[in-house]
>>> print(open('run-v1.csv').read())   # CSV, C-alpha atoms
chain,number,residue,atom,x,y,z
A,1,MET,CA,190.0,-10.0,58.0
A,2,ILE,CA,187.0,-8.2,59.5
A,3,GLU,CA,184.9,-6.0,57.1
A,4,VAL,CA,183.8,-2.7,58.6
A,5,ILE,CA,180.2,-2.3,57.3
A,6,LYS,CA,179.5,0.7,59.5
A,7,ALA,CA,182.3,2.3,61.5
A,8,GLY,CA,180.2,3.8,64.3
A,9,LEU,CA,180.9,7.2,65.9
A,10,GLU,CA,184.6,6.6,66.7
A,11,THR,CA,186.0,3.1,66.6
A,12,SER,CA,189.7,2.9,66.9
A,13,VAL,CA,192.5,0.3,67.2
A,14,GLN,CA,194.2,0.5,70.6
A,15,ASP,CA,196.7,-1.7,72.5
A,16,PHE,CA,197.8,-1.7,76.1
A,17,PRO,CA,199.6,0.2,77.6
A,18,GLY,CA,200.0,2.3,74.4
A,19,ARG,CA,202.9,4.2,73.0
A,20,TYR,CA,205.2,4.7,75.9
A,21,GLY,CA,208.8,6.1,75.7
A,22,PHE,CA,208.2,8.9,73.2
A,23,TRP,CA,206.7,11.6,75.4
A,24,GLU,CA,209.6,13.9,75.0
A,25,GLN,CA,209.1,13.8,71.2
A,26,GLY,CA,205.4,14.8,71.6
A,27,PHE,CA,203.8,11.4,71.2
A,28,PRO,CA,201.4,10.7,74.1
A,29,PRO,CA,200.7,7.1,75.3
A,30,SER,CA,197.3,6.8,73.6
A,31,GLY,CA,196.0,3.3,74.3
A,32,PRO,CA,192.7,2.2,75.7
A,33,PHE,CA,191.0,4.9,77.8
A,34,ASP,CA,189.4,2.3,80.1
A,35,MET,CA,192.4,-0.1,80.4
A,36,TRP,CA,190.5,-2.2,82.9
A,37,SER,CA,187.7,-3.3,80.5
A,38,PHE,CA,190.2,-3.6,77.6
A,39,ARG,CA,192.5,-6.0,79.4
A,40,LEU,CA,189.6,-8.2,80.5
A,41,ALA,CA,188.2,-8.4,77.0
A,42,ASN,CA,191.6,-9.7,75.8
A,43,LEU,CA,191.9,-12.3,78.5
A,44,LEU,CA,188.4,-13.6,77.7
A,45,VAL,CA,189.4,-14.5,74.1
A,46,GLY,CA,192.7,-16.0,75.1
A,47,ASN,CA,194.9,-13.0,74.1
A,48,ALA,CA,197.6,-11.4,76.2
A,49,PRO,CA,196.3,-8.2,77.9
A,50,GLU,CA,198.4,-6.0,75.6
A,51,VAL,CA,197.1,-7.3,72.2
A,52,ALA,CA,195.4,-4.7,70.0
A,53,GLY,CA,191.6,-4.5,70.0
A,54,LEU,CA,188.9,-1.9,69.3
A,55,GLU,CA,187.8,1.0,71.4
A,56,ILE,CA,184.2,1.8,70.6
A,57,GLN,CA,182.8,5.3,71.6
A,58,PHE,CA,179.1,6.1,72.2
A,59,LEU,CA,177.8,4.4,69.0
A,60,GLY,CA,179.2,1.1,67.9
A,61,PRO,CA,180.1,-0.4,64.6
A,62,THR,CA,178.7,-3.2,62.4
A,63,LEU,CA,181.3,-5.8,61.4
A,64,ARG,CA,181.3,-8.8,59.2
A,65,PHE,CA,183.7,-11.6,60.1
A,66,GLU,CA,185.3,-13.3,57.0
A,67,SER,CA,186.5,-16.3,59.1
A,68,GLU,CA,185.4,-17.9,62.4
A,69,ALA,CA,186.6,-16.2,65.5
A,70,VAL,CA,186.2,-15.8,69.3
A,71,ILE,CA,185.2,-12.3,70.5
A,72,ALA,CA,184.4,-10.5,73.7
A,73,LEU,CA,182.8,-7.1,74.2
A,74,THR,CA,183.3,-5.4,77.6
A,75,GLY,CA,182.9,-1.9,79.0
A,76,ALA,CA,179.8,0.2,78.1
A,77,THR,CA,176.5,-1.6,77.6
A,78,MET,CA,175.8,-1.6,73.8
A,79,ALA,CA,173.2,-4.4,73.2
A,80,PRO,CA,175.3,-6.4,70.7
A,81,THR,CA,173.7,-8.8,68.3
A,82,LEU,CA,175.3,-11.5,66.1
A,83,ASP,CA,173.3,-12.1,62.9
A,84,GLY,CA,170.4,-10.4,64.7
A,85,ALA,CA,170.4,-12.5,67.9
A,86,PRO,CA,171.5,-10.8,71.2
A,87,ILE,CA,174.8,-11.9,72.6
A,88,PRO,CA,176.1,-11.3,76.1
A,89,GLN,CA,178.8,-8.8,77.1
A,90,TRP,CA,181.7,-9.7,79.4
A,91,GLU,CA,181.7,-13.2,77.9
A,92,SER,CA,183.6,-14.9,75.1
A,93,VAL,CA,181.4,-15.8,72.1
A,94,ALA,CA,182.2,-18.0,69.1
A,95,VAL,CA,181.5,-16.2,65.8
A,96,PRO,CA,181.0,-18.3,62.6
A,97,ALA,CA,182.5,-17.2,59.3
A,98,GLY,CA,180.3,-14.7,57.5
A,99,ALA,CA,178.5,-13.6,60.7
A,100,VAL,CA,177.7,-9.9,61.3
A,101,LEU,CA,178.2,-8.3,64.6
A,102,GLU,CA,176.1,-5.1,65.3
A,103,THR,CA,176.6,-2.8,68.3
A,104,GLY,CA,174.2,0.0,69.2
A,105,PHE,CA,174.3,3.1,71.3
A,106,ALA,CA,176.0,3.1,74.7
A,107,ARG,CA,173.2,2.7,77.2
A,108,ILE,CA,175.3,2.5,80.3
A,109,GLY,CA,178.8,3.9,80.1
A,110,ALA,CA,180.4,5.5,77.1
A,111,ARG,CA,183.1,3.2,75.7
A,112,ALA,CA,183.1,-0.5,74.9
A,113,TYR,CA,186.0,-2.7,74.0
A,114,LEU,CA,186.0,-5.5,71.4
A,115,ALA,CA,188.7,-8.2,71.6
A,116,ILE,CA,189.1,-10.8,68.9
A,117,GLY,CA,191.2,-13.9,69.3
A,118,GLY,CA,194.6,-13.2,67.8
A,119,GLY,CA,194.1,-9.5,68.0
A,120,ILE,CA,194.1,-6.8,65.3
A,121,ASP,CA,197.3,-7.0,63.3
A,122,THR,CA,197.8,-3.5,62.0
A,123,GLY,CA,201.4,-2.3,61.7
A,124,PRO,CA,203.0,-0.9,64.8
A,125,VAL,CA,204.3,2.7,64.9
A,126,LEU,CA,206.9,3.5,67.5
A,127,GLY,CA,206.3,0.2,69.2
A,128,SER,CA,202.5,0.4,69.4
A,129,ARG,CA,199.4,-0.2,67.2
A,130,SER,CA,197.4,2.4,69.2
A,131,THR,CA,195.7,5.2,67.3
A,132,PHE,CA,196.8,8.7,68.0
A,133,HIS,CA,194.1,10.6,66.2
A,134,MET,CA,195.6,14.1,66.3
A,135,ALA,CA,198.8,13.1,64.5
A,136,GLY,CA,197.4,10.4,62.3
A,137,VAL,CA,199.6,7.7,63.9
A,138,GLY,CA,198.9,4.0,64.4
A,139,GLY,CA,195.6,2.2,64.0
A,140,MET,CA,194.0,2.1,60.6
A,141,GLU,CA,196.0,4.7,58.6
A,142,GLY,CA,196.3,6.8,61.8
A,143,HIS,CA,192.6,7.4,62.3
A,144,ALA,CA,189.4,5.9,63.5
A,145,THR,CA,188.0,3.1,61.3
A,146,LYS,CA,185.9,3.9,58.2
A,147,ASP,CA,183.1,2.2,56.4
A,148,GLY,CA,184.4,-0.3,53.9
A,149,GLN,CA,187.8,-0.9,55.6
A,150,HIS,CA,189.1,-4.4,56.4
A,151,LEU,CA,190.8,-5.0,59.7
A,152,PRO,CA,193.6,-7.6,59.6
A,153,LEU,CA,193.7,-10.2,62.3
A,154,GLY,CA,196.6,-12.0,64.0
A,155,ALA,CA,197.5,-15.5,62.9
A,156,ASP,CA,197.1,-17.1,66.4
A,157,GLY,CA,193.4,-16.5,66.8
A,158,ASN,CA,192.5,-20.2,67.4
A,159,ASN,CA,193.6,-20.3,71.0
A,160,GLY,CA,190.4,-18.6,72.3
A,161,ARG,CA,187.7,-20.5,74.0
A,162,ALA,CA,184.0,-19.4,74.0
A,163,GLY,CA,181.8,-19.6,77.0
A,164,ARG,CA,184.0,-17.8,79.6
A,165,ARG,CA,182.9,-14.7,81.4
A,166,VAL,CA,184.3,-12.1,83.8
A,167,LYS,CA,183.1,-12.5,87.4
A,168,SER,CA,180.6,-9.8,88.2
A,169,ASP,CA,182.7,-8.4,91.1
A,170,CYS,CA,185.8,-8.2,88.9
A,171,ARG,CA,184.3,-5.7,86.4
A,172,PRO,CA,184.4,-1.9,86.6
A,173,PRO,CA,181.3,-0.9,88.5
A,174,ILE,CA,179.9,1.4,85.8
A,175,PRO,CA,177.0,3.3,87.3
A,176,GLY,CA,173.7,3.9,85.6
A,177,GLU,CA,173.4,7.5,87.0
A,178,ASN,CA,175.3,10.5,85.7
A,179,SER,CA,177.4,11.4,88.7
A,180,TRP,CA,180.9,10.3,89.5
A,181,GLN,CA,183.5,10.5,92.3
A,182,ILE,CA,186.9,11.0,90.6
A,183,GLU,CA,190.1,10.6,92.6
A,184,VAL,CA,192.9,13.2,92.3
A,185,VAL,CA,196.3,13.7,93.8
A,186,ALA,CA,197.6,17.1,94.6
A,187,GLY,CA,200.2,18.7,92.3
A,188,PRO,CA,202.3,19.4,90.6
A,189,ASN,CA,201.2,23.0,90.9
A,190,ASP,CA,198.7,22.9,93.8
A,191,ASP,CA,200.7,25.7,95.5
A,192,TRP,CA,199.5,28.1,92.8
A,193,ILE,CA,196.0,27.8,94.2
A,194,ASP,CA,195.0,29.4,97.5
A,195,GLU,CA,193.3,27.4,100.3
A,196,ALA,CA,189.9,28.8,99.3
A,197,GLY,CA,190.4,27.7,95.6
A,198,GLN,CA,191.5,24.2,96.7
A,199,ARG,CA,188.5,23.8,98.9
A,200,MET,CA,186.2,25.1,96.1
A,201,PHE,CA,187.6,22.5,93.7
A,202,LEU,CA,187.1,19.6,96.0
A,203,GLU,CA,183.7,20.6,97.3
A,204,SER,CA,182.0,21.6,94.0
A,205,ASP,CA,180.2,19.7,91.3
A,206,TRP,CA,181.9,19.9,87.9
A,207,THR,CA,180.1,19.2,84.6
A,208,LEU,CA,181.7,17.5,81.7
A,209,GLN,CA,181.4,19.6,78.5
A,210,ALA,CA,180.5,18.1,75.1
A,211,ARG,CA,183.8,19.7,73.8
A,212,SER,CA,185.8,16.8,75.2
A,213,ASN,CA,187.7,14.0,73.6
A,214,ARG,CA,190.7,11.7,74.0
A,215,THR,CA,192.9,14.8,74.2
A,216,GLY,CA,191.2,16.6,77.1
A,217,PHE,CA,188.0,16.6,79.2
A,218,ARG,CA,186.7,20.2,79.6
A,219,LEU,CA,184.8,21.0,82.8
A,220,THR,CA,182.3,23.7,83.8
A,221,GLY,CA,182.1,24.8,87.4
A,222,PRO,CA,182.9,27.7,89.8
A,223,GLU,CA,185.7,30.2,89.4
A,224,TRP,CA,189.1,29.5,90.9
A,225,SER,CA,191.1,31.8,93.2
A,226,PHE,CA,194.9,31.8,93.2
A,227,ALA,CA,197.8,32.0,95.7
A,228,ALA,CA,200.1,35.0,95.8
A,229,ARG,CA,202.8,33.2,93.7
A,230,ALA,CA,200.3,33.0,90.8
A,231,THR,CA,199.3,36.7,91.0
A,232,ASP,CA,202.7,38.2,92.0
A,233,LYS,CA,205.1,36.5,89.6
A,234,GLY,CA,207.8,37.3,87.1
A,235,PRO,CA,206.7,38.3,83.5
A,236,GLU,CA,208.2,35.1,82.1
A,237,HIS,CA,205.3,33.2,83.6
A,238,GLY,CA,202.7,35.0,81.5
A,239,GLU,CA,199.9,37.5,82.4
A,240,HIS,CA,197.0,35.3,83.7
A,241,PRO,CA,197.4,33.7,87.2
A,242,SER,CA,197.0,30.3,85.5
A,243,ASN,CA,200.0,30.9,83.2
A,244,ILE,CA,203.3,29.5,84.1
A,245,LEU,CA,206.7,29.1,82.4
A,246,ASP,CA,206.3,26.1,79.9
A,247,HIS,CA,206.8,22.8,81.7
A,248,GLY,CA,205.9,19.1,81.3
A,249,TYR,CA,202.4,17.9,81.9
A,250,PRO,CA,201.6,14.6,83.6
A,251,VAL,CA,199.1,12.3,82.0
A,252,GLY,CA,195.8,12.9,83.9
A,253,ALA,CA,196.8,16.5,84.8
A,254,VAL,CA,193.9,18.8,85.7
A,255,ASN,CA,195.2,21.6,83.4
A,256,LEU,CA,193.9,25.0,84.4
A,257,CYS,CA,193.4,27.1,81.2
A,258,GLY,CA,192.3,30.5,82.6
A,259,GLN,CA,189.2,29.4,84.6
A,260,THR,CA,188.5,26.2,82.6
A,261,PRO,CA,190.0,23.0,84.0
A,262,ILE,CA,190.8,20.4,81.3
A,263,ILE,CA,191.8,16.9,82.3
A,264,LEU,CA,194.5,15.8,80.0
A,265,VAL,CA,193.9,12.2,79.1
A,266,ASN,CA,195.4,9.5,76.8
A,267,ASP,CA,196.1,11.8,73.8
A,268,GLY,CA,196.9,15.0,75.7
A,269,PRO,CA,199.8,17.3,75.1
A,270,SER,CA,203.1,16.7,76.8
A,271,ALA,CA,203.9,20.3,77.9
A,272,GLY,CA,202.6,23.8,77.9
A,273,GLY,CA,202.3,27.1,79.8
A,274,PHE,CA,199.3,26.4,82.2
A,275,ILE,CA,199.3,25.2,85.8
A,276,ASN,CA,198.2,21.7,86.8
A,277,PRO,CA,196.9,21.9,90.4
A,278,TYR,CA,195.8,18.3,90.5
A,279,THR,CA,196.3,15.0,88.7
A,280,VAL,CA,193.8,12.2,88.1
A,281,PRO,CA,195.6,8.9,88.7
A,282,SER,CA,195.5,6.1,86.2
A,283,ALA,CA,193.3,4.0,88.5
A,284,ALA,CA,190.5,6.5,87.9
A,285,PHE,CA,190.8,6.8,84.2
A,286,TRP,CA,188.1,4.1,83.6
A,287,LYS,CA,185.6,6.4,85.2
A,288,LEU,CA,186.5,9.2,82.8
A,289,ALA,CA,186.3,6.8,79.9
A,290,GLN,CA,182.8,5.7,80.9
A,291,SER,CA,181.3,9.1,81.5
A,292,LYS,CA,179.3,11.2,79.0
A,293,PRO,CA,178.9,14.9,78.3
A,294,ASN,CA,176.8,16.6,81.0
A,295,ASP,CA,177.8,14.0,83.6
A,296,THR,CA,178.8,15.5,87.0
A,297,TYR,CA,182.1,15.0,88.7
A,298,ARG,CA,182.9,15.4,92.4
A,299,PHE,CA,186.7,15.2,93.0
A,300,HIS,CA,188.1,13.3,96.0
A,301,LEU,CA,191.7,14.0,97.2
A,302,VAL,CA,193.9,10.9,97.7
A,303,SER,CA,197.6,10.4,98.4
A,304,VAL,CA,200.1,9.1,95.9
A,305,THR,CA,200.3,6.0,98.0
A,306,GLU,CA,196.5,5.5,97.8
A,307,ALA,CA,196.5,6.1,94.1
A,308,GLN,CA,199.3,3.5,93.6
A,309,ALA,CA,197.4,1.0,95.7
A,310,ALA,CA,194.2,1.5,93.7
A,311,ARG,CA,196.1,0.9,90.4
A,312,ARG,CA,197.7,-2.3,91.8
A,313,ALA,CA,194.2,-3.5,92.8
A,314,ILE,CA,192.9,-3.0,89.3
A,315,ASP,CA,196.0,-4.7,87.8
A,316,ALA,CA,195.3,-7.7,90.1
A,317,LEU,CA,191.8,-8.0,88.7
A,318,CYS,CA,193.1,-8.0,85.1
A,319,THR,CA,194.2,-11.7,85.4
A,320,GLU,CA,192.8,-15.1,84.6
A,321,SER,CA,191.6,-15.4,88.2
A,322,SER,CA,188.8,-12.9,87.3
A,323,LEU,CA,187.3,-15.3,84.7
A,324,GLU,CA,184.9,-18.2,85.1
A,325,ASP,CA,182.9,-20.6,82.9
A,326,ALA,CA,179.7,-19.1,81.8
A,327,GLY,CA,177.8,-22.3,82.5
>>> encode(input="run-v1.csv", output="C-alpha cells")
Amino acid sequence: MIEVIKAGLETSVQDFPGRYGFWEQGFPPSGPFDMWSFRLANLLVGNAPEVAGLEIQFLGPTLRFESEAVIALTGATMAPTLDGAPIPQWESVAVPAGAVLETGFARIGARAYLAIGGGIDTGPVLGSRSTFHMAGVGGMEGHATKDGQHLPLGADGNNGRAGRRVKSDCRPPIPGENSWQIEVVAGPNDDWIDEAGQRMFLESDWTLQARSNRTGFRLTGPEWSFAARATDKGPEHGEHPSNILDHGYPVGAVNLCGQTPIILVNDGPSAGGFINPYTVPSAAFWKLAQSKPNDTYRFHLVSVTEAQAARRAIDALCTESSLEDAG
C-alpha cells in the first residue's frame, strides 16, 4: 500500500490506453493525457506500458510507502524529494519501506506521471482502471485521490530495477516558454467554415483558458466566419452557424461552441450538436497535457498520413530501446 498524506491538486489513477470500446455508451477513453511520458515511466520501473499509475496535475502529492518499491517520475518538472533529499526525474529510483515522497508545483510542464513497480491495483471498471472524473468511474472510488487514502499495489512489484533513465532525446521536449505549436487535421466539419475562417484559425494565436480540464480545453481568440452551408441550412441543424444535427465527436475534436473553440480531450463527450472543423491528433496530446492556462497555441495543419506517422514515431520511443543505465 501507499498512504496518501497530501493528495495534491488533482492526482488520479490512469492506465494506458484507457477505457476503449464503450464510446457509444457515453464512456470516453480517459487514460493518461500525456501517454508518452506515462508509458516511459512504466518501462523505467519494469512494468508493461499499460499498467496503472498516477497522473499528477499542477501540484503533486505527498506519499508514504509502506513497503520498499521502485518508482519513476516523468513528465512535468516537480522537484521531487524522498525523505527530504532530491531525487531525479526520468530515472528509476529505489524507495525503502516507510519513506516519504514529496512532489511540488509543476515548474516546467503541467502534468507528471508516477509509476510504481507492480502498478496500482485498483479494481478495473469496463476493462480499465482509469479515472473518469465526471461519472465517478474507475480509479479510487471514481475520483481523484484524497488525503488519507491508501493505494493498493500489484503483487509483482519486485521486477523493477533502480538506476535506469530515459535517454534525453527520447523524452517529450517540454518547452520552458508558454507558446506551443499544435498539430491539427482538417475535419470532420471543416467545410462549414469559409476560407477566411480557416485561414484565421491557422494564422492566429489562441490562449488556453483557466476553465479547462480533462473534458475540454477552452480557447480565446478571434471570431470565426462560416461557409454558406452553416448560415443557410435546415432548421433541424439549429439556429447558430456552429450548430449542427447531433453527431459523433472524435477524440481531439476542436469543437466550435458558438465562437469558442473547445478541444475535446480524454474525458470529452462522445456526441453533440456543434461542428468540429479540426481535430488534434493523438501524437499532439502530450503538448496539450503539458500546457498551462494562459499558454498560447498556434495551430499547424497536417495530413492524416502525417498525423499517423507522428503517432508511430512516439510509439517507437515508448520501448526499452529508449532506456539506458543512469551510470
>>> closest_residue(input="run-v1.csv", among="A:Tyr297, A:Phe38, A:Phe285, A:Phe27", to="Ala310 in chain A", atoms="only C-alpha atoms")
A:Phe285
>>> closest_atom_pairs(input="run-v1.csv", of="range 128-199 of chain A", to="range 218-234 of chain A", cutoff="6 Å", atoms="all atoms listed in the file", output="JSON lines")
{"residue": "A:Trp192", "atom": "CA", "partner": "A:Ala227", "partner_atom": "CA", "distance": 5.1}
{"residue": "A:Ile193", "atom": "CA", "partner": "A:Phe226", "partner_atom": "CA", "distance": 4.3}
{"residue": "A:Asp194", "atom": "CA", "partner": "A:Ala227", "partner_atom": "CA", "distance": 4.2}
{"residue": "A:Gly197", "atom": "CA", "partner": "A:Ser225", "partner_atom": "CA", "distance": 4.8}
>>> residues_near_point(input="run-v1.csv", point="(191.8, -0.5, 74.8)", cutoff="8 Å", atoms="only C-alpha atoms", output="VMD selection string")
chain A and resid 13 to 16 31 to 35 37 to 39 52 to 55 113
>>> atom_distance(input="run-v1.csv", atom1="CA of Val125 in chain A", atom2="CA of Glu141 in chain A")
10.6 Å
>>> residues_around(input="run-v1.csv", residues="Pro173 in chain A", least_positions_apart="2", cutoff="12 Å", atoms="all atoms listed in the file", output="list in words")
Trp36, Ser37, Thr74, Gly75, Ala76, Thr77, Ile108, Gly109, Lys167, Ser168, Asp169, Cys170, Arg171, Pro175, Gly176, Glu177, Trp180, Ala284, Trp286, Lys287, Gln290 and Ile314 of chain A
>>> closest_residue(input="run-v1.csv", among="A:Ser270, A:Asn276, A:Asn294, A:Ser179", to="Gln25 in chain A", atoms="only C-alpha atoms")
A:Ser270
>>> atom_distance(input="run-v1.csv", atom1="CA of Gly268 in chain A", atom2="CA of Pro188 in chain A")
16.4 Å
>>> residues_around(input="run-v1.csv", residues="Asp325 in chain A", least_positions_apart="2", cutoff="10 Å", atoms="only C-alpha atoms", output="MDAnalysis selection string")
chainID A and resid 91:92 162:167 323 327
>>> closest_residue(input="run-v1.csv", among="A:His133, A:Arg111, A:Arg161, A:His150", to="Ile71 in chain A", atoms="all atoms listed in the file")
A:Arg161
